[in-house]
Amino acid sequence: MKEFVISEVKAETAVLVGLITKEQDEAKTKEYLDELEFLADTAGAITVKRFTQRVGGPSAVTYVGSGKLEEIKQYIRDEEEAERTVGMVIFDDELSAKQIRNIEKELEVKILDRTSLILDIFAMRAQTAAAKTQVELAQYRYMLPRLQRLWTHLERQGGGSGSGGGKGSVGLRGPGETQLEMDRRIILGRMSLLKQRLAEIDKQKTTQRKNRGRMIRVALVGYTNVGKSTMMNLLSKSEVFAENKLFATLDTTVRKVVIDNLPFLLADTVGFIRKLPTDLVDSFKSTLDEVREADLLVHVVDISHPDFEEQINVVENTLKELGCADKPSMIVFNKIDNYTWVEKEKDDLTPATKENVTLDELRRTWMARLGDNCIFISAREKENIDELRDTLYRKVRELHVQKYPYNDFLYPKMDE
């Protein structure tokens with residue numbers, strides 16, 4: 001009998017490229033590239049090399065200077081000679097059609113930017129019809145101004161960066177003006193159809209929200225991969241998908257939670273990220289309506305992340321863009337079990353940094369002024385969860401009394 005040997009599919013390899021500028025120092029660029037590597041890993045690619053360049057700003061022609069581009073090109077050649085193929089080069093900022101075209105011409109490999117990588121991940125993560133529609137619309141919005149570099153007919157689209165399809169797989173220039181105009185009409189027509197479909201989905205979701213009864217709505221918001229889904233599972237005793245990947249949650253999940261006979265609705269929402277594409281925010285309007293219509297926002301933060309304060313700013317700025325900055329909110333610092341610090345030597349007179357401040361010392365900084373609007377927990381290890389439940393109960397009850405002053409279940413004598 002003939003034996004069939006199934007060969008292991010190798011993940012694509014990626015090279016990352018970022019800039020060091022006046023606005024973005026070397027440490028910040030490293031943090032951004034760390035996050036870009038995590039994005040690449042989430043998409044199924046393995047990072048093998050990083051390139052950075054210190055410049056005043058990105059080149060309008062090739063993003064990096066000609067010397068740095070030649071250095072990247074030589075690295076790709078060297079890898080090919082050693083029979084180690086570089087699958088793609090990923091840039092940490094959004095590239096224009098001109099930049100992509102010029103870079104591809106020089107490097108002759110697949111070129112992605114941060115936005116297209118995020119879109120690929122979203123396409124992989126989308127499960128429901130609503131999420132798939134929103135992602136597809138965002139992809140077309142990204143694609144439209146970059147049509148000159150597309151060769152494929154747009155009726156067929158594939159998956160993420162590691163699948164051999166989708167935007168990540170295109171890399172040749174367009175066949176001509178006639179095809180470009182045809183593709184443009186196809187895209188615009190498809191976008192119009194998707195917008196109509198999203199309007200219908202939005203209408204259905206609005207009706208569903210109206211039918212949820214007289215309960216306070218609480219939304220978990222935060223940077224991606226801070227533990228919102230784990231916290232959701234803990235509070236609602238449900239099984240929302242959670243893993244150590246960026247954008248593990250894409251579709252908004254709503255569960256009924258009861259604390260001491262007080263029911264409320266808890267929504268787990270899509271995580272935010274630095275340099276979040278505007279097209280995604282626009283396309284995910286119906287998903288983000290859960291945030292807009294929430295009575296209380298619970299901002300979950302990964303306290304163990306070295307750059308958690310910037311992540312807080314990213315989330316707060318995104319909430320401002322959504323018009324939600326004035327909503328009642330509280331902040332939950334998660335992953336205290338992962339918090340690490342390095343003790344300074346006694347004769348070290350340099351100023352304290354985040355790396356050598358204990359968690360107790362950190363709590364006594366600006367966080368202390370937040371009072372009971374600030375809680376420290378570990379959702380994974382279930383530390384301080386009782387304090388979280390008590391605080392949520394008080395806040396939800398206060399909001400409930402204000403919004404529904406005559407609801408019977410708030411009074412013990414009426415409890416079922």
# chains A, B, ... in the order shown; residues from 1 in each chain; ligands from 1
$ residues_around --residues "A:Arg197" --least-positions-apart "2" --cutoff "12 Å" --atoms "only C-alpha atoms" --output "list in words"
Ala129, Ala130, Ala131, Lys132, Thr133, Gln134, Glu136, Leu137, Arg190, Met191, Ser192, Leu193, Leu194, Lys195, Ala199, Glu200, Ile201, Asp202, Lys203, Gln204, Ser283 and Ser286 of chain A
$ residues_around --residues "A:Arg217" --least-positions-apart "6" --cutoff "7 Å" --atoms "only C-alpha atoms" --output "PyMOL selection string"
chain A and resi 264-266+294-296
$ atom_distance --atom1 "atom CA of A:Glu106" --atom2 "atom CA of A:Thr62"
9.4 Å
$ atom_distance --atom1 "atom CA of A:Arg101" --atom2 "atom CA of A:Met88"
14.2 Å
$ closest_residue --among "A:Val270, A:Ile259, A:Cys374, A:Val314" --to "A:Arg397" --atoms "only C-alpha atoms"
A:Ile259
$ atom_distance --atom1 "atom CA of A:Lys49" --atom2 "atom CA of A:Ala14"
7.2 Å
$ closest_residue --among "A:Leu399, A:Ile100, A:Met231, A:Leu262" --to "A:Glu383" --atoms "only C-alpha atoms"
A:Met231
$ residues_around --residues "stretch 219-221 of chain A" --least-positions-apart "4" --cutoff "7 Å" --atoms "only C-alpha atoms" --output "PyMOL selection string"
chain A and resi 228+266-269+271+290-291+294+296-300
$ write_last_selection --atoms "N, CA, C and O atoms" --output "mmCIF file, in the first residue's frame"
data_model
loop_
_atom_site.group_PDB
_atom_site.id
_atom_site.type_symbol
_atom_site.label_atom_id
_atom_site.label_comp_id
_atom_site.auth_asym_id
_atom_site.auth_seq_id
_atom_site.Cartn_x
_atom_site.Cartn_y
_atom_site.Cartn_z
ATOM 1 N N LYS A 228 -9.189 41.051 28.981
ATOM 2 C CA LYS A 228 -10.622 41.350 29.091
ATOM 3 C C LYS A 228 -11.480 40.083 29.016
ATOM 4 O O LYS A 228 -12.427 39.926 29.779
ATOM 5 N N LEU A 266 -22.856 42.552 30.730
ATOM 6 C CA LEU A 266 -21.418 42.784 30.601
ATOM 7 C C LEU A 266 -20.991 42.478 29.172
ATOM 8 O O LEU A 266 -21.242 41.386 28.657
ATOM 9 N N ALA A 267 -20.359 43.454 28.503
ATOM 10 C CA ALA A 267 -19.919 43.293 27.116
ATOM 11 C C ALA A 267 -18.402 43.253 27.048
ATOM 12 O O ALA A 267 -17.719 44.092 27.632
ATOM 13 N N ASP A 268 -17.884 42.258 26.341
ATOM 14 C CA ASP A 268 -16.450 42.158 26.068
ATOM 15 C C ASP A 268 -16.229 42.680 24.657
ATOM 16 O O ASP A 268 -16.762 42.134 23.695
ATOM 17 N N THR A 269 -15.457 43.739 24.512
ATOM 18 C CA THR A 269 -15.326 44.421 23.218
ATOM 19 C C THR A 269 -13.943 44.201 22.604
ATOM 20 O O THR A 269 -13.004 43.783 23.276
ATOM 21 N N GLY A 271 -10.277 44.819 21.356
ATOM 22 C CA GLY A 271 -9.215 45.620 21.949
ATOM 23 C C GLY A 271 -8.710 46.707 21.019
ATOM 24 O O GLY A 271 -8.793 46.586 19.787
ATOM 25 N N GLU A 290 -21.627 49.063 21.357
ATOM 26 C CA GLU A 290 -21.739 48.506 22.710
ATOM 27 C C GLU A 290 -21.004 49.396 23.706
ATOM 28 O O GLU A 290 -21.415 49.527 24.858
ATOM 29 N N VAL A 291 -19.912 50.000 23.256
ATOM 30 C CA VAL A 291 -19.170 50.925 24.109
ATOM 31 C C VAL A 291 -19.936 52.234 24.240
ATOM 32 O O VAL A 291 -20.073 52.783 25.343
ATOM 33 N N ALA A 294 -22.970 51.894 26.591
ATOM 34 C CA ALA A 294 -22.734 51.378 27.946
ATOM 35 C C ALA A 294 -22.993 52.457 28.986
ATOM 36 O O ALA A 294 -22.790 53.647 28.749
ATOM 37 N N LEU A 296 -21.523 52.054 32.063
ATOM 38 C CA LEU A 296 -20.270 52.069 32.821
ATOM 39 C C LEU A 296 -19.182 51.413 31.982
ATOM 40 O O LEU A 296 -19.383 50.341 31.410
ATOM 41 N N LEU A 297 -18.029 52.060 31.891
ATOM 42 C CA LEU A 297 -16.878 51.502 31.189
ATOM 43 C C LEU A 297 -15.870 50.981 32.209
ATOM 44 O O LEU A 297 -15.489 51.710 33.134
ATOM 45 N N VAL A 298 -15.455 49.739 32.041
ATOM 46 C CA VAL A 298 -14.408 49.152 32.885
ATOM 47 C C VAL A 298 -13.166 49.047 32.019
ATOM 48 O O VAL A 298 -13.078 48.195 31.137
ATOM 49 N N HIS A 299 -12.211 49.935 32.272
ATOM 50 C CA HIS A 299 -10.980 50.010 31.488
ATOM 51 C C HIS A 299 -9.971 49.027 32.076
ATOM 52 O O HIS A 299 -9.451 49.232 33.176
ATOM 53 N N VAL A 300 -9.705 47.948 31.357
ATOM 54 C CA VAL A 300 -8.780 46.914 31.823
ATOM 55 C C VAL A 300 -7.384 47.213 31.290
ATOM 56 O O VAL A 300 -7.204 47.487 30.097
#
$ residues_around --residues "A:Tyr223" --least-positions-apart "6" --cutoff "12 Å" --atoms "only C-alpha atoms" --output "ChimeraX atom specification"
/A:35,229,246-249,269-276,298-303,305,307-319,333-334
$ closest_residue --among "A:Thr365, A:Asp25, A:Val17, A:Leu117" --to "A:Asp41" --atoms "only C-alpha atoms"
A:Leu117
$ residues_around --residues "A:Asp93" --least-positions-apart "6" --cutoff "9 Å" --atoms "only C-alpha atoms" --output "MDAnalysis selection string"
chainID A and resid 17:19 63 113:115 275
$ closest_residue --among "A:Val401, A:Val89, A:Ile377, A:Lys22" --to "A:Arg50" --atoms "only C-alpha atoms"
A:Val89
$ select_by_dssp --residues "stretch 42-195 of chain A" --states "helix (DSSP H, G or I)" --output "PyMOL selection string"
chain A and resi 42+66-81+97-107+114-125+129-149+167-169+177-195
$ closest_residue --among "A:Ala60, A:Met124, A:Ile118, A:Ile76" --to "A:Ala97" --atoms "only C-alpha atoms"
A:Ala60
$ closest_residue --among "A:Ala126, A:Val64, A:Ile103, A:Ile375" --to "A:Arg363" --atoms "only C-alpha atoms"
A:Ile375
$ select_by_dssp --residues "stretch 20-200 of chain A" --states "strand (DSSP E or B)" --output "PyMOL selection string"
chain A and resi 20+45-54+59+63+88-91+110-113
